[in-house]
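Undergrad: I have a structure I would like to understand better, so I am pasting it below and will then ask my questions one at a time.
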Amino acid sequence: MFRGCTSLTQAPYLPATTLSLYCYQQMFLDCTSLTQAPALPATTLTTQCYWSMFRGCTSLTQAPYLPATTLVQSCYSNMFYGCTSLPQAPALPA
């Protein structure tokens, strides 16, 4: 949806609590000016729902809280790959 939007600095509100297959996959891929991830309140995940969501977001300095307690195949795979400014990974209560 926003893949490669290099001028995007603020992500939109993403209120979904139940996700569908691949729904946010690569949503912000290579958005190099994005500094803060949006809240991600989803607790029901599906396969690859967040796969590479922030991949290549080199200015991202704050990761979202990830509240899901049950994970599915590749749901968070590569989510923060290449986020070189992210000081730490988010806690995973799952």
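Ordered as shown in the structure tokens, chains take letters A, B, and onward, while each chain numbers its residues from 1 and ligands are numbered from 1 in the order shown.
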Which residues, written as JSON, numbers by chain, have at least one atom at most 9 Å from range 35-38 of chain A, with only C-alpha atoms counted and residues fewer than 3 positions away on the same chain left out?

TA: {"A": [9, 10, 11, 12, 13, 14, 32, 54, 57, 58, 59, 60, 61, 62, 63, 64, 85]}

Undergrad: What does the file look like for those residues with N, CA and C atoms, as a short mmCIF file (atom, residue, chain, number, x, y, z; two decimals), in the first residue's frame?

TA:
data_model
loop_
_atom_site.label_atom_id
_atom_site.label_comp_id
_atom_site.auth_asym_id
_atom_site.auth_seq_id
_atom_site.Cartn_x
_atom_site.Cartn_y
_atom_site.Cartn_z
N THR A 9 6.35 10.04 6.68
CA THR A 9 6.96 10.15 8.00
C THR A 9 6.07 9.62 9.11
N GLN A 10 4.76 9.59 8.87
CA GLN A 10 3.80 9.13 9.87
C GLN A 10 2.86 8.10 9.25
N ALA A 11 2.73 6.97 9.90
CA ALA A 11 1.86 5.90 9.41
C ALA A 11 0.41 6.18 9.80
N PRO A 12 -0.55 5.69 9.02
CA PRO A 12 -1.96 5.86 9.37
C PRO A 12 -2.35 4.95 10.53
N TYR A 13 -3.48 5.23 11.12
CA TYR A 13 -4.05 4.42 12.19
C TYR A 13 -4.50 3.09 11.60
N LEU A 14 -4.14 1.99 12.23
CA LEU A 14 -4.50 0.65 11.77
C LEU A 14 -5.24 -0.07 12.90
N THR A 32 11.61 4.95 3.92
CA THR A 32 12.84 5.30 4.62
C THR A 32 12.74 6.51 5.54
N PHE A 54 7.73 -3.52 7.90
CA PHE A 54 8.58 -2.34 8.00
C PHE A 54 9.98 -2.56 7.40
N CYS A 57 12.80 0.18 6.55
CA CYS A 57 12.45 1.49 7.13
C CYS A 57 13.63 1.93 7.99
N THR A 58 14.62 2.50 7.34
CA THR A 58 15.89 2.80 7.99
C THR A 58 15.83 3.92 9.02
N SER A 59 14.77 4.70 9.06
CA SER A 59 14.63 5.76 10.06
C SER A 59 13.74 5.37 11.22
N LEU A 60 13.20 4.17 11.20
CA LEU A 60 12.29 3.71 12.26
C LEU A 60 13.06 3.62 13.58
N THR A 61 12.60 4.36 14.58
CA THR A 61 13.28 4.37 15.88
C THR A 61 12.41 3.80 17.00
N GLN A 62 11.16 3.53 16.70
CA GLN A 62 10.26 2.99 17.72
C GLN A 62 9.39 1.90 17.11
N ALA A 63 9.47 0.72 17.67
CA ALA A 63 8.65 -0.40 17.21
C ALA A 63 7.33 -0.40 17.97
N PRO A 64 6.28 -0.97 17.39
CA PRO A 64 4.99 -1.03 18.08
C PRO A 64 4.97 -2.15 19.12
N SER A 85 17.98 1.83 12.38
CA SER A 85 17.90 2.82 13.45
C SER A 85 17.07 2.35 14.64
#

Undergrad: As a list in words, please: the residues near Pro67 in chain A (cut-off 12 Å, only C-alpha atoms, same-chain neighbours under 3 positions excluded).

TA: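 Close residues of Pro67 in chain A: Thr17, Thr18, Ala39, Leu40, Pro41, Ala42, Thr43, Thr44, Leu45, Pro64, Thr70, Leu71, Pro90, Ala91, Leu92, Pro93 and Ala94 of chain A.
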
Undergrad: Which residue out of A:Thr6, A:Ser33, A:Thr46, A:Gln25 has the minimum interatomic distance to Asn78 in chain A when only C-alpha atoms are used?

TA: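 Looking at the shortest contact to Asn78 in chain A, the residue is A:Gln25.
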
Undergrad: Quote the spacing between CA of Phe80 in chain A and CA of Asp30 in chain A in Å to one decimal place.

TA: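 Rounded to one decimal, the two atoms are 10.8 Å apart.
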
Undergrad: Between CA of Thr47 in chain A and CA of Gln73 in chain A, what distance in Å does the model show, to one decimal?

TA: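 Distance between the two atoms: 5.1 Å.
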
Undergrad: Quick one, how far is CA of Pro87 in chain A from CA of Met53 in chain A?

TA: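 Answer for the CA of Pro87 in chain A to CA of Met53 in chain A separation: 17.5 Å.
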
Undergrad: Which residues, written as a PyMOL selection string, have at least one atom at most 12 Å from Trp51 in chain A, with only C-alpha atoms counted and residues fewer than 5 positions away on the same chain left out?

TA: chain A and resi 21-29+45-46+72-81

Undergrad: Could you tell me, as a ChimeraX atom specification, which residues of range 1-58 of chain A DSSP assigns to strand (DSSP E or B) when given the backbone?

TA: /A:10,18,36,44

Undergrad: Produce a file of the selected residues containing C-alpha atoms, as a compact mmCIF listing (two decimals), in the first residue's frame.

TA:
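File produced: selection18.txt:
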# COMPACT_ATOMS: atom_id res chain seq x y z
CA GLN A 10 3.80 9.13 9.87
CA THR A 18 -8.32 -9.64 13.65
CA GLN A 36 7.49 5.56 14.36
CA THR A 44 -5.71 -12.72 16.11

Undergrad: Measuring atom to atom with only C-alpha atoms, identify which of A:Phe2, A:Ala68, A:Ala89, A:Ser52 is nearest to Cys31 in chain A.

TA: A:Phe2
